[in-house]
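*Asks:* Data file final_37.cif (mmCIF, N, CA and C atoms and all ligand atoms) is appended below.
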```
data_model
loop_
_atom_site.group_PDB
_atom_site.id
_atom_site.type_symbol
_atom_site.label_atom_id
_atom_site.label_comp_id
_atom_site.auth_asym_id
_atom_site.auth_seq_id
_atom_site.Cartn_x
_atom_site.Cartn_y
_atom_site.Cartn_z
ATOM 1 N N MET A 232 0.838 -1.181 0.000
ATOM 2 C CA MET A 232 0.000 0.000 0.000
ATOM 3 C C MET A 232 0.883 1.244 0.000
ATOM 4 N N ASN A 233 0.308 2.287 -0.604
ATOM 5 C CA ASN A 233 1.068 3.514 -0.828
ATOM 6 C C ASN A 233 0.811 4.506 0.312
ATOM 7 N N LYS A 234 1.842 4.791 1.096
ATOM 8 C CA LYS A 234 1.680 5.696 2.235
ATOM 9 C C LYS A 234 1.564 7.152 1.806
ATOM 10 N N GLU A 235 2.070 7.457 0.620
ATOM 11 C CA GLU A 235 2.032 8.846 0.174
ATOM 12 C C GLU A 235 0.606 9.276 -0.183
ATOM 13 N N THR A 236 -0.200 8.319 -0.648
ATOM 14 C CA THR A 236 -1.575 8.679 -1.016
ATOM 15 C C THR A 236 -2.576 8.361 0.084
ATOM 16 N N CYS A 237 -2.215 7.502 1.029
ATOM 17 C CA CYS A 237 -3.113 7.136 2.140
ATOM 18 C C CYS A 237 -3.516 8.389 2.915
ATOM 19 N N ILE A 238 -4.838 8.505 3.171
ATOM 20 C CA ILE A 238 -5.332 9.653 3.947
ATOM 21 C C ILE A 238 -5.775 9.227 5.349
ATOM 22 N N SER A 239 -5.401 7.999 5.744
ATOM 23 C CA SER A 239 -5.690 7.485 7.096
ATOM 24 C C SER A 239 -7.172 7.532 7.431
ATOM 25 N N CYS A 240 -7.994 7.158 6.462
ATOM 26 C CA CYS A 240 -9.444 7.209 6.682
ATOM 27 C C CYS A 240 -9.937 6.071 7.566
ATOM 28 N N GLY A 241 -9.176 4.983 7.633
ATOM 29 C CA GLY A 241 -9.553 3.859 8.492
ATOM 30 C C GLY A 241 -10.393 2.787 7.831
ATOM 31 N N VAL A 242 -10.768 2.965 6.585
ATOM 32 C CA VAL A 242 -11.614 1.970 5.902
ATOM 33 C C VAL A 242 -10.949 0.600 5.881
ATOM 34 N N CYS A 243 -9.686 0.542 5.524
ATOM 35 C CA CYS A 243 -9.011 -0.766 5.420
ATOM 36 C C CYS A 243 -8.826 -1.408 6.790
ATOM 37 N N TRP A 244 -8.663 -0.615 7.833
ATOM 38 C CA TRP A 244 -8.507 -1.200 9.171
ATOM 39 C C TRP A 244 -9.795 -1.891 9.581
ATOM 40 N N SER A 245 -10.939 -1.321 9.199
ATOM 41 C CA SER A 245 -12.200 -1.946 9.605
ATOM 42 C C SER A 245 -12.564 -3.125 8.708
ATOM 43 N N ILE A 246 -12.220 -3.077 7.435
ATOM 44 C CA ILE A 246 -12.563 -4.194 6.533
ATOM 45 C C ILE A 246 -11.609 -5.370 6.717
ATOM 46 N N ALA A 247 -10.337 -5.103 6.874
ATOM 47 C CA ALA A 247 -9.332 -6.172 6.981
ATOM 48 C C ALA A 247 -8.423 -5.915 8.190
ATOM 49 N N PRO A 248 -8.991 -6.037 9.402
ATOM 50 C CA PRO A 248 -8.211 -5.700 10.603
ATOM 51 C C PRO A 248 -7.050 -6.650 10.879
ATOM 52 N N LYS A 249 -7.070 -7.825 10.264
ATOM 53 C CA LYS A 249 -5.941 -8.732 10.470
ATOM 54 C C LYS A 249 -4.725 -8.307 9.663
ATOM 55 N N VAL A 250 -4.942 -7.474 8.651
ATOM 56 C CA VAL A 250 -3.856 -7.130 7.717
ATOM 57 C C VAL A 250 -3.388 -5.675 7.855
ATOM 58 N N PHE A 251 -4.320 -4.765 8.112
ATOM 59 C CA PHE A 251 -3.961 -3.341 8.125
ATOM 60 C C PHE A 251 -4.133 -2.735 9.517
ATOM 61 N N GLU A 252 -3.235 -1.815 9.847
ATOM 62 C CA GLU A 252 -3.349 -1.091 11.117
ATOM 63 C C GLU A 252 -2.773 0.308 10.943
ATOM 64 N N LEU A 253 -3.140 1.170 11.889
ATOM 65 C CA LEU A 253 -2.562 2.510 11.904
ATOM 66 C C LEU A 253 -1.173 2.428 12.515
ATOM 67 N N ASP A 254 -0.213 3.006 11.823
ATOM 68 C CA ASP A 254 1.134 3.120 12.377
ATOM 69 C C ASP A 254 1.208 4.466 13.110
ATOM 70 N N PRO A 255 1.240 4.445 14.440
ATOM 71 C CA PRO A 255 1.190 5.709 15.180
ATOM 72 C C PRO A 255 2.394 6.613 14.928
ATOM 73 N N THR A 256 3.496 6.054 14.464
ATOM 74 C CA THR A 256 4.673 6.897 14.240
ATOM 75 C C THR A 256 4.564 7.704 12.948
ATOM 76 N N THR A 257 3.812 7.197 11.970
ATOM 77 C CA THR A 257 3.682 7.933 10.705
ATOM 78 C C THR A 257 2.283 8.496 10.512
ATOM 79 N N GLY A 258 1.304 7.975 11.260
ATOM 80 C CA GLY A 258 -0.079 8.396 11.055
ATOM 81 C C GLY A 258 -0.679 7.789 9.801
ATOM 82 N N LYS A 259 -0.008 6.819 9.213
ATOM 83 C CA LYS A 259 -0.493 6.171 7.984
ATOM 84 C C LYS A 259 -0.722 4.690 8.253
ATOM 85 N N THR A 260 -1.390 4.064 7.300
ATOM 86 C CA THR A 260 -1.603 2.620 7.404
ATOM 87 C C THR A 260 -0.304 1.870 7.178
ATOM 88 N N LYS A 261 -0.177 0.761 7.891
ATOM 89 C CA LYS A 261 0.889 -0.180 7.576
ATOM 90 C C LYS A 261 0.334 -1.590 7.651
ATOM 91 N N ILE A 262 1.047 -2.514 7.040
ATOM 92 C CA ILE A 262 0.648 -3.914 7.071
ATOM 93 C C ILE A 262 1.162 -4.535 8.359
ATOM 94 N N LYS A 263 0.297 -5.325 8.979
ATOM 95 C CA LYS A 263 0.631 -5.923 10.272
ATOM 96 C C LYS A 263 1.600 -7.086 10.135
ATOM 97 N N GLU A 264 2.355 -7.299 11.185
ATOM 98 C CA GLU A 264 3.057 -8.564 11.349
ATOM 99 C C GLU A 264 1.992 -9.643 11.517
ATOM 100 N N PRO A 265 2.148 -10.838 11.031
ATOM 101 C CA PRO A 265 3.352 -11.393 10.413
ATOM 102 C C PRO A 265 3.364 -11.273 8.898
ATOM 103 N N TYR A 266 2.481 -10.418 8.347
ATOM 104 C CA TYR A 266 2.355 -10.350 6.885
ATOM 105 C C TYR A 266 3.268 -9.302 6.263
ATOM 106 N N LEU A 267 3.844 -8.455 7.106
ATOM 107 C CA LEU A 267 4.696 -7.382 6.607
ATOM 108 C C LEU A 267 6.004 -7.918 6.040
ATOM 109 N N LYS A 268 6.328 -7.487 4.810
ATOM 110 C CA LYS A 268 7.590 -7.897 4.185
ATOM 111 C C LYS A 268 8.584 -6.744 4.088
ATOM 112 N N ASN A 269 8.059 -5.558 3.838
ATOM 113 C CA ASN A 269 8.947 -4.406 3.682
ATOM 114 C C ASN A 269 8.163 -3.138 4.031
ATOM 115 N N ASP A 270 8.765 -2.301 4.855
ATOM 116 C CA ASP A 270 8.082 -1.073 5.248
ATOM 117 C C ASP A 270 9.042 0.100 5.102
ATOM 118 N N SER A 271 8.614 1.112 4.326
ATOM 119 C CA SER A 271 9.458 2.291 4.141
ATOM 120 C C SER A 271 8.590 3.529 4.339
ATOM 121 N N ASP A 272 9.169 4.703 4.142
ATOM 122 C CA ASP A 272 8.391 5.936 4.265
ATOM 123 C C ASP A 272 7.307 6.017 3.199
ATOM 124 N N LYS A 273 7.566 5.358 2.056
ATOM 125 C CA LYS A 273 6.647 5.499 0.921
ATOM 126 C C LYS A 273 5.609 4.393 0.818
ATOM 127 N N GLU A 274 5.990 3.188 1.224
ATOM 128 C CA GLU A 274 5.028 2.105 1.066
ATOM 129 C C GLU A 274 5.233 1.005 2.088
ATOM 130 N N SER A 275 4.179 0.202 2.237
ATOM 131 C CA SER A 275 4.204 -0.957 3.106
ATOM 132 C C SER A 275 3.818 -2.145 2.234
ATOM 133 N N VAL A 276 4.702 -3.133 2.180
ATOM 134 C CA VAL A 276 4.500 -4.268 1.283
ATOM 135 C C VAL A 276 4.391 -5.539 2.111
ATOM 136 N N GLY A 277 3.414 -6.361 1.776
ATOM 137 C CA GLY A 277 3.230 -7.580 2.541
ATOM 138 C C GLY A 277 2.873 -8.763 1.671
ATOM 139 N N GLU A 278 2.788 -9.893 2.335
ATOM 140 C CA GLU A 278 2.381 -11.119 1.664
ATOM 141 C C GLU A 278 1.324 -11.757 2.561
ATOM 142 N N ILE A 279 0.159 -12.034 1.979
ATOM 143 C CA ILE A 279 -0.957 -12.530 2.793
ATOM 144 C C ILE A 279 -1.339 -13.943 2.371
ATOM 145 N N PRO A 280 -1.892 -14.707 3.312
ATOM 146 C CA PRO A 280 -2.402 -16.021 2.943
ATOM 147 C C PRO A 280 -3.672 -15.881 2.090
ATOM 148 N N GLU A 281 -3.949 -16.894 1.290
ATOM 149 C CA GLU A 281 -5.089 -16.849 0.365
ATOM 150 C C GLU A 281 -6.399 -16.559 1.082
ATOM 151 N N GLU A 282 -6.560 -17.051 2.317
ATOM 152 C CA GLU A 282 -7.847 -16.858 2.980
ATOM 153 C C GLU A 282 -8.122 -15.395 3.347
ATOM 154 N N LEU A 283 -7.077 -14.579 3.374
ATOM 155 C CA LEU A 283 -7.285 -13.155 3.672
ATOM 156 C C LEU A 283 -7.419 -12.311 2.401
ATOM 157 N N ARG A 284 -7.182 -12.911 1.255
ATOM 158 C CA ARG A 284 -7.233 -12.158 -0.004
ATOM 159 C C ARG A 284 -8.587 -11.465 -0.234
ATOM 160 N N PRO A 285 -9.728 -12.143 0.007
ATOM 161 C CA PRO A 285 -11.007 -11.448 -0.234
ATOM 162 C C PRO A 285 -11.146 -10.167 0.583
ATOM 163 N N ASP A 286 -10.732 -10.206 1.852
ATOM 164 C CA ASP A 286 -10.820 -8.998 2.689
ATOM 165 C C ASP A 286 -9.914 -7.896 2.155
ATOM 166 N N VAL A 287 -8.722 -8.278 1.734
ATOM 167 C CA VAL A 287 -7.778 -7.273 1.236
ATOM 168 C C VAL A 287 -8.263 -6.697 -0.096
ATOM 169 N N GLU A 288 -8.843 -7.540 -0.933
ATOM 170 C CA GLU A 288 -9.384 -7.027 -2.203
ATOM 171 C C GLU A 288 -10.554 -6.083 -1.946
ATOM 172 N N LYS A 289 -11.349 -6.419 -0.945
ATOM 173 C CA LYS A 289 -12.475 -5.540 -0.599
ATOM 174 C C LYS A 289 -11.957 -4.203 -0.063
ATOM 175 N N ALA A 290 -10.924 -4.273 0.784
ATOM 176 C CA ALA A 290 -10.321 -3.039 1.304
ATOM 177 C C ALA A 290 -9.759 -2.203 0.155
ATOM 178 N N ALA A 291 -9.109 -2.864 -0.787
ATOM 179 C CA ALA A 291 -8.524 -2.146 -1.925
ATOM 180 C C ALA A 291 -9.600 -1.451 -2.748
ATOM 181 N N SER A 292 -10.724 -2.140 -2.967
ATOM 182 C CA SER A 292 -11.754 -1.530 -3.804
ATOM 183 C C SER A 292 -12.510 -0.438 -3.057
ATOM 184 N N ASN A 293 -12.430 -0.452 -1.718
ATOM 185 C CA ASN A 293 -13.107 0.593 -0.941
ATOM 186 C C ASN A 293 -12.191 1.722 -0.485
ATOM 187 N N CYS A 294 -10.899 1.579 -0.696
ATOM 188 C CA CYS A 294 -9.978 2.663 -0.337
ATOM 189 C C CYS A 294 -10.288 3.880 -1.209
ATOM 190 N N PRO A 295 -10.610 5.031 -0.600
ATOM 191 C CA PRO A 295 -11.061 6.183 -1.387
ATOM 192 C C PRO A 295 -9.985 6.791 -2.276
ATOM 193 N N VAL A 296 -8.729 6.466 -2.010
ATOM 194 C CA VAL A 296 -7.663 7.067 -2.827
ATOM 195 C C VAL A 296 -6.882 6.012 -3.621
ATOM 196 N N GLY A 297 -7.351 4.782 -3.612
ATOM 197 C CA GLY A 297 -6.687 3.735 -4.396
ATOM 198 C C GLY A 297 -5.275 3.434 -3.955
ATOM 199 N N ALA A 298 -5.050 3.503 -2.625
ATOM 200 C CA ALA A 298 -3.686 3.335 -2.115
ATOM 201 C C ALA A 298 -3.277 1.873 -1.949
ATOM 202 N N ILE A 299 -4.259 0.952 -2.072
ATOM 203 C CA ILE A 299 -3.945 -0.470 -1.838
ATOM 204 C C ILE A 299 -3.940 -1.209 -3.164
ATOM 205 N N ARG A 300 -2.869 -1.918 -3.397
ATOM 206 C CA ARG A 300 -2.758 -2.713 -4.632
ATOM 207 C C ARG A 300 -2.602 -4.175 -4.243
ATOM 208 N N VAL A 301 -3.368 -5.040 -4.905
ATOM 209 C CA VAL A 301 -3.286 -6.480 -4.658
ATOM 210 C C VAL A 301 -2.794 -7.137 -5.943
ATOM 211 N N GLU A 302 -1.743 -7.935 -5.791
ATOM 212 C CA GLU A 302 -1.208 -8.602 -7.000
ATOM 213 C C GLU A 302 -1.515 -10.080 -6.949
HETATM 214 S S1 LIG B 401 -8.482 2.762 3.095
HETATM 215 FE FE1 LIG B 401 -6.809 3.675 1.897
HETATM 216 S S2 LIG B 401 -6.731 5.821 2.556
HETATM 217 FE FE2 LIG B 401 -7.952 4.717 4.056
HETATM 218 S S3 LIG B 401 -6.490 4.156 5.677
HETATM 219 FE FE3 LIG B 401 -6.585 2.437 4.245
HETATM 220 S S4 LIG B 401 -4.923 2.793 2.746
HETATM 221 FE FE4 LIG B 401 -5.292 4.700 3.835
#
```
As structure tokens - that is how I would like this structure written.
Ligand code: SF4

*Replies:*
Amino acid sequence: MNKETCISCGVCWSIAPKVFELDPTTGKTKIKEPYLKNDSDKESVGEIPEELRPDVEKAASNCPVGAIRVE
């Protein structure tokens, strides 16, 4: 997910709370452990199990700024 475009609206935290959380140090969303693979100032990259994919896809389609990408 892209931290530069994230507006911290909280939609993804409520739709996929196992995957997304507020990072209090940046005020932006980050991917939770144990799914977090790489976290920088610009983006948070993770790898999720298949059973969480529907929630993450739903979060991505509901993110108002399109900050979440699912590959
Ligand atoms: S839904 Fe999008 S804008 Fe809102 S907190 Fe999540 S990543 Fe940020």

*Asks:* To one decimal place in Å, what is the distance between atom N of Ser275 of chain A and atom N of Lys261 of chain A?

*Replies:*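 Answer for the atom N of Ser275 of chain A to atom N of Lys261 of chain A separation: 7.2 Å.
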
*Asks:* Kindly work out which residues sit at most 6 Å from ligand LIG 401 (chain B), using only C-alpha atoms and all ligand atoms, and give the list as a ChimeraX atom specification.

*Replies:* /A:237-243,260,294-296,298-299

*Asks:* Applying the PyMOL selection byres (((chain A and resi 233 and name CA) around 6) and not hetatm and name CA) to the file I just gave you, which residues come out? Please list them as a list of chain:residue names.

*Replies:*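 This file gives the following for the PyMOL selection byres (((chain A and resi 233 and name CA) around 6) and not hetatm and name CA): A:Met232, A:Lys234, A:Glu235, A:Thr236, A:Glu274, A:Ala298.
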
*Asks:* List every residue of segment 260-299 of chain A that DSSP, applied to the backbone of this structure, assigns to alpha helix (DSSP H), and report them as a tab-separated table (two decimals) with N, CA and C atoms, keeping the file's coordinate frame.

*Replies:*
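File produced: states.tsv:
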```tsv
chain	number	residue	atom	x	y	z
A	284	ARG	N	-7.18	-12.91	1.25
A	284	ARG	CA	-7.23	-12.16	0.00
A	284	ARG	C	-8.59	-11.46	-0.23
A	285	PRO	N	-9.73	-12.14	0.01
A	285	PRO	CA	-11.01	-11.45	-0.23
A	285	PRO	C	-11.15	-10.17	0.58
A	286	ASP	N	-10.73	-10.21	1.85
A	286	ASP	CA	-10.82	-9.00	2.69
A	286	ASP	C	-9.91	-7.90	2.15
A	287	VAL	N	-8.72	-8.28	1.73
A	287	VAL	CA	-7.78	-7.27	1.24
A	287	VAL	C	-8.26	-6.70	-0.10
A	288	GLU	N	-8.84	-7.54	-0.93
A	288	GLU	CA	-9.38	-7.03	-2.20
A	288	GLU	C	-10.55	-6.08	-1.95
A	289	LYS	N	-11.35	-6.42	-0.94
A	289	LYS	CA	-12.48	-5.54	-0.60
A	289	LYS	C	-11.96	-4.20	-0.06
A	290	ALA	N	-10.92	-4.27	0.78
A	290	ALA	CA	-10.32	-3.04	1.30
A	290	ALA	C	-9.76	-2.20	0.16
A	291	ALA	N	-9.11	-2.86	-0.79
A	291	ALA	CA	-8.52	-2.15	-1.92
A	291	ALA	C	-9.60	-1.45	-2.75
A	292	SER	N	-10.72	-2.14	-2.97
A	292	SER	CA	-11.75	-1.53	-3.80
A	292	SER	C	-12.51	-0.44	-3.06
A	293	ASN	N	-12.43	-0.45	-1.72
A	293	ASN	CA	-13.11	0.59	-0.94
A	293	ASN	C	-12.19	1.72	-0.48
```

*Asks:* Between atom CA of Pro285 of chain A and atom CA of Thr257 of chain A, what distance in Å does the model show, to one decimal?

*Replies:*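 Distance between the two atoms: 26.7 Å.
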
*Asks:* I'd like the box whose edges run along x, y and z of the file and which contains every listed atom of segment 257-272 of chain A, padded by 8 Å per side; could you state its centre and edge lengths in Å, one decimal, as AutoDock Vina command-line options?

*Replies:*
```
--center_x 3.9 --center_y -1.4 --center_z 7.6 --size_x 27.1 --size_y 35.9 --size_z 24.8
```

*Asks:* Among chain A, which residues does DSSP mark as strand (DSSP E or B) when it is run on the backbone? Keep the chain and numbering as in the structure and answer as a list in words.

*Replies:*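 For chain A, the strand (DSSP E or B) set is Asn233, Phe251, Glu252, Leu253, Asp254, Lys259, Thr260, Lys261, Ile262, Leu267, Lys268, Asn269, Asp270, Glu274, Ser275, Val276 and Gly277 of chain A.
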
*Asks:* Can you list, as an NGL selection string, every protein, DNA or RNA residue that comes within 8 Å of Leu283 of chain A when you count all atoms listed in the file, leaving out same-chain residues fewer than 5 positions away?

*Replies:* :A and (247 or 250 or 288-289)

*Asks:* Please produce an output containing N, CA and C atoms for each residue in the selection, written as a short mmCIF file (atom, residue, chain, number, x, y, z; two decimals), in the coordinates of the input.

*Replies:*
```
data_model
loop_
_atom_site.label_atom_id
_atom_site.label_comp_id
_atom_site.auth_asym_id
_atom_site.auth_seq_id
_atom_site.Cartn_x
_atom_site.Cartn_y
_atom_site.Cartn_z
N ALA A 247 -10.34 -5.10 6.87
CA ALA A 247 -9.33 -6.17 6.98
C ALA A 247 -8.42 -5.92 8.19
N VAL A 250 -4.94 -7.47 8.65
CA VAL A 250 -3.86 -7.13 7.72
C VAL A 250 -3.39 -5.68 7.86
N GLU A 288 -8.84 -7.54 -0.93
CA GLU A 288 -9.38 -7.03 -2.20
C GLU A 288 -10.55 -6.08 -1.95
N LYS A 289 -11.35 -6.42 -0.94
CA LYS A 289 -12.48 -5.54 -0.60
C LYS A 289 -11.96 -4.20 -0.06
#
```

*Asks:* Select, counting all atoms listed in the file, all protein, DNA and RNA residues no farther than 8 Å from (-6.3, -2.6, -6.6) in file coordinates, and express the selection as a PyMOL selection string.

*Replies:* chain A and resi 287-288+290-292+297-302

*Asks:* Could you tell me which residues the PyMOL selection byres (((chain A and resi 276-278) around 7) and not hetatm) returns for this structure, as a ChimeraX atom specification?

*Replies:* /A:232,262,265-271,274-275,279-280
